[in-house]
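*Asks:* I am sharing coords24.cif, which consists of mmCIF, C-alpha atoms and all ligand atoms:
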```cif
data_model
#
loop_
_atom_site.label_atom_id
_atom_site.label_comp_id
_atom_site.auth_asym_id
_atom_site.auth_seq_id
_atom_site.Cartn_x
_atom_site.Cartn_y
_atom_site.Cartn_z
CA MET A 1 110.60 89.59 -11.24
CA TRP A 2 112.70 92.24 -9.52
CA LEU A 3 115.57 89.84 -9.39
CA TRP A 4 115.07 88.91 -12.99
CA GLY A 5 115.07 92.57 -13.98
CA SER A 6 118.26 93.37 -12.12
CA PHE A 7 119.88 90.24 -13.48
CA THR A 8 119.02 91.16 -17.08
CA ALA A 9 120.30 94.69 -16.53
CA LEU A 10 123.50 93.25 -15.10
CA LEU A 11 123.95 91.04 -18.15
CA VAL A 12 123.16 93.84 -20.59
CA PHE A 13 125.38 96.43 -18.97
CA GLY A 14 128.00 93.83 -18.08
CA GLY A 15 128.48 93.43 -21.83
CA VAL A 16 129.26 97.10 -22.20
CA THR A 17 131.71 97.12 -19.31
CA PHE A 18 133.67 94.29 -20.86
CA ALA A 19 133.77 96.14 -24.18
CA ALA A 20 135.41 99.13 -22.51
CA GLU A 21 137.97 97.12 -20.58
CA PRO A 22 141.26 98.98 -20.98
CA LEU A 23 143.36 96.25 -22.58
CA ASP A 24 145.37 96.42 -25.74
CA THR A 25 142.41 96.57 -28.14
CA GLY A 26 143.23 100.01 -29.59
CA PRO A 27 140.71 101.31 -32.10
CA LEU A 28 138.63 98.14 -31.76
CA ARG A 29 137.42 99.07 -28.32
CA ASP A 30 133.78 99.44 -29.40
CA LYS A 31 133.84 96.22 -31.39
CA ALA A 32 132.21 94.19 -28.67
CA ASN A 33 129.04 96.23 -28.19
CA ILE A 34 125.98 94.00 -27.86
CA PHE A 35 123.77 96.96 -28.84
CA ILE A 36 125.24 97.01 -32.35
CA PRO A 37 124.70 93.44 -33.57
CA LEU A 38 125.98 92.75 -37.08
CA SER A 39 125.09 89.10 -37.53
CA THR A 40 121.84 87.16 -37.58
CA PRO A 41 121.93 85.35 -34.21
CA ALA A 42 123.23 88.43 -32.36
CA GLU A 43 120.37 90.52 -33.80
CA ALA A 44 117.75 88.01 -32.68
CA ILE A 45 119.31 87.85 -29.21
CA LEU A 46 119.32 91.64 -28.84
CA GLU A 47 115.68 91.83 -29.98
CA ALA A 48 114.61 89.22 -27.41
CA SER A 49 116.67 90.73 -24.60
CA LEU A 50 115.34 94.24 -25.27
CA LEU A 51 111.78 92.97 -25.12
CA VAL A 52 112.53 91.13 -21.86
CA SER A 53 114.25 94.24 -20.48
CA TRP A 54 111.27 96.47 -21.36
CA ILE A 55 108.84 94.08 -19.70
CA CYS A 56 111.05 94.00 -16.60
CA PHE A 57 111.33 97.79 -16.70
CA GLY A 58 107.51 98.04 -16.85
CA ILE A 59 107.26 95.79 -13.77
CA PHE A 60 109.88 97.89 -12.03
CA VAL A 61 107.96 101.11 -12.73
CA VAL A 62 104.63 99.67 -11.54
CA VAL A 63 105.98 97.98 -8.39
CA GLY A 64 108.45 100.76 -7.57
CA GLY A 65 105.83 103.45 -8.26
CA LEU A 66 103.18 101.82 -6.07
CA THR A 67 105.70 101.24 -3.30
CA ALA A 68 106.91 104.84 -3.42
CA TYR A 69 103.31 106.10 -3.50
CA ALA A 70 102.34 103.95 -0.48
CA ILE A 71 105.42 105.02 1.48
CA TRP A 72 104.73 108.69 0.84
CA LYS A 73 100.96 108.72 1.09
CA PHE A 74 100.69 106.63 4.26
CA ARG A 75 103.86 107.77 5.97
CA LYS A 76 101.93 108.70 9.16
CA PRO A 77 98.34 108.48 10.31
CA ARG A 78 96.26 111.59 9.89
CA ASP A 79 95.91 113.53 13.14
CA ASP A 80 92.14 113.26 13.17
CA ASP A 81 92.12 109.52 12.43
CA GLN A 82 94.00 107.18 14.75
CA THR A 83 92.07 104.04 13.71
CA GLU A 84 93.60 101.34 11.53
CA PRO A 85 92.68 101.39 7.82
CA PRO A 86 90.20 98.72 6.67
CA GLN A 87 91.87 95.28 6.74
CA VAL A 88 91.23 93.01 3.74
CA TYR A 89 91.16 89.24 4.21
CA GLY A 90 90.81 86.60 1.48
CA SER A 91 90.00 88.82 -1.48
CA LEU A 92 89.42 86.62 -4.50
CA GLN A 93 90.07 89.52 -6.88
CA ILE A 94 93.46 90.35 -5.39
CA GLU A 95 94.47 86.67 -5.25
CA LEU A 96 93.51 86.24 -8.91
CA ALA A 97 95.29 89.42 -9.99
CA TRP A 98 98.60 88.58 -8.38
CA THR A 99 98.48 85.01 -9.62
CA VAL A 100 97.21 85.44 -13.16
CA ILE A 101 99.18 88.54 -14.20
CA PRO A 102 102.63 87.13 -13.25
CA ILE A 103 101.71 83.84 -14.96
CA LEU A 104 100.80 85.71 -18.15
CA ILE A 105 104.02 87.76 -18.03
CA THR A 106 106.10 84.62 -17.43
CA VAL A 107 104.40 82.82 -20.33
CA VAL A 108 105.18 85.76 -22.65
CA LEU A 109 108.82 85.75 -21.50
CA ILE A 110 109.08 81.98 -21.99
CA LEU A 111 107.55 82.16 -25.47
CA VAL A 112 109.79 85.02 -26.61
CA THR A 113 112.94 83.31 -25.29
CA ALA A 114 111.99 79.87 -26.62
CA ARG A 115 111.23 81.27 -30.07
CA THR A 116 114.63 82.98 -30.29
CA VAL A 117 116.49 79.93 -28.95
CA GLY A 118 114.61 77.74 -31.44
CA GLU A 119 115.30 80.05 -34.38
CA ILE A 120 119.02 79.95 -33.62
CA GLN A 121 119.36 76.28 -32.68
CA ASN A 122 117.15 74.85 -35.42
CA ALA A 123 118.39 77.04 -38.27
CA GLU A 124 119.01 74.99 -41.42
CA MET A 125 122.67 75.10 -42.40
CA PRO A 126 123.17 75.46 -46.16
CA ASP A 127 125.52 72.96 -47.86
CA ASP A 128 128.07 75.68 -48.56
CA ALA A 129 128.27 76.82 -44.92
CA LEU A 130 131.86 77.36 -43.81
CA ARG A 131 132.62 74.80 -41.09
CA ILE A 132 134.86 75.66 -38.17
CA ARG A 133 135.81 73.51 -35.20
CA LEU A 134 136.68 75.75 -32.27
CA VAL A 135 138.44 74.24 -29.26
CA GLY A 136 138.76 76.17 -26.01
CA HIS A 137 142.02 75.74 -24.08
CA GLN A 138 143.38 77.31 -20.90
CA TRP A 139 143.75 80.11 -22.17
CA TRP A 140 143.49 80.34 -25.89
CA TRP A 141 141.37 79.22 -28.83
CA GLU A 142 142.32 76.50 -31.29
CA ILE A 143 140.65 76.99 -34.67
CA HIS A 144 140.25 74.27 -37.29
CA TYR A 145 138.78 74.57 -40.78
CA PRO A 146 138.29 70.85 -41.50
CA GLY A 147 137.15 71.43 -45.10
CA LEU A 148 140.09 73.70 -45.88
CA GLY A 149 142.90 71.96 -44.01
CA ILE A 150 143.69 75.08 -41.97
CA VAL A 151 144.68 75.22 -38.30
CA THR A 152 145.16 78.55 -36.57
CA ALA A 153 144.56 80.22 -33.21
CA ASN A 154 142.69 83.06 -31.52
CA GLU A 155 141.64 84.83 -34.72
CA ILE A 156 138.77 83.45 -36.74
CA HIS A 157 138.53 84.53 -40.37
CA VAL A 158 135.18 84.26 -42.12
CA PRO A 159 133.54 85.66 -45.26
CA VAL A 160 130.84 88.37 -45.07
CA SER A 161 127.27 87.44 -45.97
CA SER A 162 125.25 89.59 -48.36
CA PRO A 163 121.70 89.22 -49.71
CA GLU A 164 123.16 88.22 -53.12
CA ALA A 165 125.65 85.72 -51.69
CA ARG A 166 124.70 84.41 -48.26
CA ARG A 167 127.66 82.95 -46.37
CA ILE A 168 126.96 81.29 -43.08
CA THR A 169 129.73 80.08 -40.78
CA HIS A 170 128.90 77.11 -38.59
CA PHE A 171 130.86 76.35 -35.42
CA THR A 172 131.36 73.08 -33.61
CA LEU A 173 132.46 74.09 -30.12
CA GLN A 174 134.69 71.84 -28.02
CA SER A 175 137.01 72.08 -25.05
CA ALA A 176 140.37 70.50 -24.34
CA ASP A 177 140.21 70.98 -20.56
CA VAL A 178 137.53 72.90 -18.63
CA ILE A 179 134.32 74.64 -19.69
CA HIS A 180 134.86 77.77 -21.78
CA SER A 181 132.29 79.84 -23.61
CA PHE A 182 132.38 81.32 -27.10
CA TRP A 183 131.12 84.89 -27.15
CA VAL A 184 131.53 87.54 -29.83
CA PRO A 185 128.86 90.05 -28.77
CA GLN A 186 128.29 91.65 -32.16
CA LEU A 187 128.09 88.32 -33.97
CA ALA A 188 126.84 85.57 -31.67
CA GLY A 189 125.71 85.01 -28.12
CA LYS A 190 127.39 82.85 -25.55
CA THR A 191 127.65 79.15 -26.27
CA ASP A 192 129.66 76.94 -23.94
CA CYS A 193 132.59 74.80 -25.02
CA VAL A 194 132.15 71.72 -22.83
CA PRO A 195 134.69 68.86 -22.53
CA ASN A 196 133.54 65.64 -24.25
CA ARG A 197 130.61 67.34 -25.89
CA ASP A 198 130.04 69.06 -29.24
CA ASN A 199 128.00 72.25 -29.06
CA GLN A 200 126.91 74.13 -32.15
CA THR A 201 126.41 77.73 -33.10
CA TRP A 202 126.61 79.83 -36.24
CA ILE A 203 127.06 83.37 -37.48
CA GLU A 204 126.03 85.25 -40.57
CA PRO A 205 127.92 88.56 -40.41
CA HIS A 206 126.56 91.39 -42.54
CA LYS A 207 129.50 93.74 -42.33
CA THR A 208 133.24 93.32 -42.88
CA GLY A 209 135.61 94.26 -40.07
CA THR A 210 137.25 92.89 -36.95
CA TYR A 211 135.07 91.95 -34.00
CA LEU A 212 136.16 91.23 -30.46
CA GLY A 213 135.09 88.33 -28.32
CA ASN A 214 136.04 86.81 -25.01
CA CYS A 215 135.65 83.58 -23.16
CA ALA A 216 132.41 83.95 -21.21
CA GLU A 217 132.70 81.11 -18.69
CA TYR A 218 135.14 81.36 -15.81
CA CYS A 219 137.94 78.94 -16.66
CA GLY A 220 140.87 79.89 -14.45
CA THR A 221 143.47 82.60 -13.94
CA GLN A 222 143.51 83.98 -17.48
CA HIS A 223 139.78 83.64 -18.17
CA ALA A 224 139.43 87.40 -18.70
CA GLY A 225 142.48 87.33 -20.94
CA MET A 226 141.12 84.54 -23.15
CA ARG A 227 140.29 86.81 -26.02
CA LEU A 228 139.08 86.09 -29.46
CA ARG A 229 138.81 88.01 -32.72
CA VAL A 230 136.64 87.43 -35.72
CA VAL A 231 137.82 89.02 -38.94
CA VAL A 232 134.99 89.27 -41.46
CA HIS A 233 136.34 89.48 -45.01
CA THR A 234 134.94 90.27 -48.43
CA PRO A 235 134.72 87.01 -50.44
CA ALA A 236 137.89 87.86 -52.42
CA SER A 237 139.96 88.75 -49.38
CA PHE A 238 138.70 85.64 -47.55
CA ASP A 239 139.86 83.47 -50.48
CA ALA A 240 143.24 85.18 -50.36
CA TRP A 241 143.49 84.50 -46.61
CA VAL A 242 142.61 80.83 -47.19
CA LYS A 243 145.24 80.48 -49.95
CA ASN A 244 147.88 82.00 -47.72
CA GLN A 245 147.03 79.76 -44.76
CA GLN A 246 147.04 76.65 -46.95
CA ARG A 247 150.54 77.06 -48.32
CA PRO A 248 153.48 76.10 -46.09
CA PRO A 249 155.31 79.08 -44.58
CA VAL A 250 158.08 80.46 -46.78
CA GLU A 251 161.56 79.25 -45.80
CA ASP A 252 163.98 82.16 -45.59
CA PRO A 253 167.61 81.30 -44.79
CA ALA A 254 167.96 84.78 -43.27
CA PHE A 255 166.03 83.52 -40.25
CA ALA A 256 167.87 80.21 -39.84
CA ALA A 257 169.29 81.24 -36.45
CA GLY A 258 165.82 81.86 -35.03
CA LYS A 259 164.49 78.67 -36.54
CA LEU A 260 167.31 76.78 -34.86
CA VAL A 261 166.39 78.30 -31.49
CA PHE A 262 162.79 77.22 -32.05
CA GLU A 263 163.67 73.69 -33.15
CA THR A 264 166.18 73.05 -30.39
CA THR A 265 164.17 74.23 -27.38
CA SER A 266 161.00 72.80 -25.86
CA CYS A 267 158.91 75.08 -28.13
CA VAL A 268 158.44 72.06 -30.41
CA ASN A 269 156.74 70.02 -27.69
CA CYS A 270 153.75 72.34 -27.63
CA HIS A 271 153.71 74.23 -30.93
CA ALA A 272 153.52 73.21 -34.56
CA ILE A 273 154.98 74.96 -37.60
CA ALA A 274 154.26 73.39 -40.98
CA GLY A 275 157.44 72.23 -42.73
CA THR A 276 159.46 71.84 -39.52
CA ASN A 277 159.85 69.01 -37.03
CA ALA A 278 157.54 70.88 -34.64
CA ASP A 279 154.14 69.25 -34.43
CA GLY A 280 153.02 69.92 -30.85
CA VAL A 281 149.32 70.45 -30.31
CA PHE A 282 149.29 71.69 -26.73
CA GLY A 283 149.85 75.32 -27.74
CA PRO A 284 148.76 77.38 -30.75
CA ASP A 285 149.83 76.37 -34.27
CA LEU A 286 152.41 78.95 -35.36
CA SER A 287 152.63 78.12 -39.09
CA HIS A 288 151.31 81.56 -40.07
CA PHE A 289 151.88 83.30 -36.77
CA ALA A 290 152.86 86.63 -38.32
CA SER A 291 149.59 86.81 -40.25
CA ARG A 292 147.77 87.39 -36.95
CA GLN A 293 146.98 90.75 -35.37
CA THR A 294 147.68 89.71 -31.80
CA LEU A 295 149.61 87.38 -29.53
CA ALA A 296 148.91 85.77 -26.14
CA ALA A 297 145.26 85.07 -27.05
CA GLY A 298 144.44 88.59 -28.12
CA GLN A 299 146.02 90.31 -25.13
CA ARG A 300 148.72 92.19 -27.00
CA SER A 301 149.06 93.58 -30.50
CA LEU A 302 151.54 91.60 -32.53
CA THR A 303 154.52 93.95 -32.54
CA ARG A 304 158.18 93.04 -32.35
CA ASP A 305 158.53 94.54 -28.86
CA ASN A 306 155.48 92.75 -27.51
CA LEU A 307 156.65 89.50 -29.03
CA LYS A 308 160.12 89.85 -27.51
CA ALA A 309 158.62 90.61 -24.10
CA TRP A 310 156.42 87.51 -24.43
CA LEU A 311 159.29 85.22 -25.48
CA ALA A 312 161.60 86.56 -22.78
CA ASP A 313 159.10 86.20 -19.93
CA PRO A 314 155.62 84.87 -20.76
CA GLN A 315 154.50 85.05 -17.12
CA ALA A 316 155.16 88.79 -16.99
CA VAL A 317 152.90 89.36 -19.99
CA LYS A 318 150.18 86.83 -19.13
CA PRO A 319 150.45 85.58 -15.54
CA GLY A 320 149.44 81.95 -15.20
CA ALA A 321 149.89 81.23 -18.91
CA LEU A 322 150.93 77.63 -19.48
CA MET A 323 153.88 78.72 -21.62
CA PRO A 324 156.99 78.40 -19.46
CA ASP A 325 159.91 80.78 -19.43
CA MET A 326 162.46 79.17 -21.80
CA GLN A 327 165.40 81.06 -20.23
CA LEU A 328 166.42 82.41 -23.63
CA THR A 329 169.32 84.82 -23.96
CA PRO A 330 168.52 88.29 -25.40
CA LYS A 331 170.23 87.24 -28.62
CA GLN A 332 168.08 84.09 -28.85
CA VAL A 333 164.94 86.16 -28.20
CA ASP A 334 165.92 88.51 -31.01
CA ASN A 335 166.54 85.69 -33.47
CA LEU A 336 163.40 83.83 -32.47
CA ALA A 337 161.30 86.98 -32.82
CA ASP A 338 162.73 87.57 -36.31
CA TYR A 339 161.93 84.01 -37.32
CA LEU A 340 158.38 84.03 -35.95
CA LEU A 341 157.67 87.41 -37.57
CA SER A 342 158.76 85.92 -40.91
CA LEU A 343 155.98 83.31 -40.70
CA LYS A 344 153.47 85.24 -42.73
CU1 LIG B 401 138.05 80.13 -21.14
CU2 LIG B 401 136.97 81.49 -19.51
#
```
As structure tokens, how would this structure be written, given the file I've shared?
*Replies:*
Amino acid sequence: MWLWGSFTALLVFGGVTFAAEPLDTGPLRDKANIFIPLSTPAEAILEASLLVSWICFGIFVVVGGLTAYAIWKFRKPRDDDQTEPPQVYGSLQIELAWTVIPILITVVLILVTARTVGEIQNAEMPDDALRIRLVGHQWWWEIHYPGLGIVTANEIHVPVSSPEARRITHFTLQSADVIHSFWVPQLAGKTDCVPNRDNQTWIEPHKTGTYLGNCAEYCGTQHAGMRLRVVVHTPASFDAWVKNQQRPPVEDPAFAAGKLVFETTSCVNCHAIAGTNADGVFGPDLSHFASRQTLAAGQRSLTRDNLKAWLADPQAVKPGALMPDMQLTPKQVDNLADYLLSLK
């Protein structure tokens, strides 16, 4: 029980530590707080974990209190009494108490946890649920909207759910290499992305905004940098986002030099941009790259300077990243940055 208590506390407070990690999350720093859930599964998980934590805290107080009392009270024999205290052997009452009470507590914990797990896993998905297929990669997230024909990366866009118009988003979770784990603390708990297996989860966010997530299963060098964002839109702004993602990126001859750099280097082996000869699937789809808030799987804000630093030397920005240094000249980096930033 002690162990269980400390473990729960570690999990609970671990969540907060990760939220405050000093990376480039700017004003969104508190957007990963498990104590402020804003979506149905996250609320149920917090409720269950608080109950479990309170039970463990109660056990801690009783056991710790009795131990402290015994240590203090019996710290040395009284001067006038050098005999041993009465020794108790084979007390049925004590045996029953320390068997039955822990069993009852464990049963309560099992029931509470099983009910929450069941409520989340067995929830009926409405026909109009938005379907997303999320694929974990070392070290980024591939995002497919099969019903909408959209492919993007690292930033999931979903509509908000309201009592008048419920909108649930359902996820099929997969992995392209090792085990990753989908975790957006304010929206949904951790669900693993396991190779050769489809896991499921869902969210029903009640509030618009941007929420931060992170891979929650150690998956290699950049595990901690495998970040994720969920942008929760009003229905109208979600429709606008969908429309924009569905159209091919606008061709602007002003950025032809950058496009040429992209099309004539190995970029095309790993990345795809709709309307070009690039159809690689090993790295993120860049068709609407400039519509994203971040680059390098959420590690940097998408600014021109950050993008140039990334293109010039990916390993300096994200050590271990599978994007190689393309040995581009400063001029090529400039042109390529201009082109990528035109892909709204
Ligand atoms: Cu992906 Cu940890």
*Asks:* From the options A:Gln200, A:Asn154, A:Ser161, A:Ser39, which residue's atoms come nearest to Leu295 (chain A), counting all atoms listed in the file?
*Replies:*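 Ranking A:Gln200, A:Asn154, A:Ser161, A:Ser39 by distance to Leu295 (chain A), first place goes to A:Asn154.
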*Asks:* Tell me, as a VMD selection string, which residues lie within 12 Å of Ala236 (chain A), counting only C-alpha atoms; anything in the same chain fewer than 6 positions away does not count.
*Replies:* chain A and resid 158 to 160 208 242 to 243
*Asks:* Closest to ligand LIG 401 (chain B) among A:Trp310, A:Tyr145, A:Trp54, A:Trp139, using all atoms listed in the file?
*Replies:*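 Nearest to ligand LIG 401 (chain B): A:Trp139.
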*Asks:* Hey, which residues sit close to ligand LIG 401 (chain B)? Say within 7 Å, counting only C-alpha atoms and all ligand atoms, and write them as a list in words.
*Replies:* Gly136, His137, Gln138, Trp139, Ile179, His180, Ser181, Cys215, Ala216, Glu217, Tyr218, Cys219, Gly220, His223, Ala224 and Met226 of chain A
*Asks:* May I have the selected residues written with C-alpha atoms, as an mmCIF file, in the frame of the given file?
*Replies:*
```cif
data_model
loop_
_atom_site.group_PDB
_atom_site.id
_atom_site.type_symbol
_atom_site.label_atom_id
_atom_site.label_comp_id
_atom_site.auth_asym_id
_atom_site.auth_seq_id
_atom_site.Cartn_x
_atom_site.Cartn_y
_atom_site.Cartn_z
ATOM 1 C CA GLY A 136 138.760 76.170 -26.010
ATOM 2 C CA HIS A 137 142.020 75.740 -24.080
ATOM 3 C CA GLN A 138 143.380 77.310 -20.900
ATOM 4 C CA TRP A 139 143.750 80.110 -22.170
ATOM 5 C CA ILE A 179 134.320 74.640 -19.690
ATOM 6 C CA HIS A 180 134.860 77.770 -21.780
ATOM 7 C CA SER A 181 132.290 79.840 -23.610
ATOM 8 C CA CYS A 215 135.650 83.580 -23.160
ATOM 9 C CA ALA A 216 132.410 83.950 -21.210
ATOM 10 C CA GLU A 217 132.700 81.110 -18.690
ATOM 11 C CA TYR A 218 135.140 81.360 -15.810
ATOM 12 C CA CYS A 219 137.940 78.940 -16.660
ATOM 13 C CA GLY A 220 140.870 79.890 -14.450
ATOM 14 C CA HIS A 223 139.780 83.640 -18.170
ATOM 15 C CA ALA A 224 139.430 87.400 -18.700
ATOM 16 C CA MET A 226 141.120 84.540 -23.150
#
```
*Asks:* Tell me which of A:Val194, A:Ile156, A:Leu328, A:Ala297 sits closest to Cys267 (chain A), counting only C-alpha atoms.
*Replies:*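 With only C-alpha atoms as the atom set, the closest residue is A:Leu328.
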*Asks:* So which one's closest to Asp198 (chain A), A:Lys318, A:Arg133, A:Arg227, A:Arg300? Using all atoms listed in the file, please.
*Replies:* A:Arg133
*Asks:* Could you pull the residues within 7 Å of Ile143 (chain A), counting all atoms listed in the file, minus those fewer than 2 positions along the same chain, as number ranges by chain?
*Replies:* A: 132-135, 141, 145, 151-153
*Asks:* Distance cut-off 9 Å, centre (157.0, 71.4, -29.1) in file coordinates, counting all atoms listed in the file: which residues qualify? Return them as a list in words.
*Replies:*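 With a cut-off of 9 Å, the residues come to Phe262, Glu263, Thr265, Ser266, Cys267, Val268, Asn269, Cys270, His271, Ala272, Asn277, Ala278, Asp279, Gly280, Val281, Phe282 and Gly283 of chain A.
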*Asks:* Which of these, A:His206, A:Lys331, A:Lys190, A:Lys344, has the shortest distance to Gln245 (chain A) once you count only C-alpha atoms?
*Replies:*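 Using only C-alpha atoms, Gln245 (chain A) sits closest to A:Lys344.
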*Asks:* Mind pulling up the distance from CA of Ser342 (chain A) to CA of Pro235 (chain A)?
*Replies:*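 Separating CA of Pro235 (chain A) from CA of Ser342 (chain A) is a distance of 25.9 Å.
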*Asks:* Between A:Phe171, A:Phe182, A:Trp202, A:Trp140, which one has atoms that come closest to Gly298 (chain A), using all atoms listed in the file?
*Replies:*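 The answer is A:Trp140, which sits nearest to Gly298 (chain A).
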*Asks:* Please provide as a PyMOL selection string all residues within 10 Å of region 102-112 of chain A, with the sequence filter that same-chain residues fewer than 5 positions apart are discarded (counting all atoms listed in the file).
*Replies:* chain A and resi 1+47-49+51-52+55-56+59+97+117-118
*Asks:* For a test of reading the model, state the distance in Å between CA of Val333 (chain A) and CA of Thr303 (chain A), rounded to one decimal.
*Replies:* 13.7 Å
*Asks:* Which residues, written as a PyMOL selection string, have at least one atom at most 12 Å from Ala42 (chain A), with only C-alpha atoms counted and residues fewer than 5 positions away on the same chain left out?
*Replies:* chain A and resi 32-37+47-49+116-117+119-120+183-191+201-206
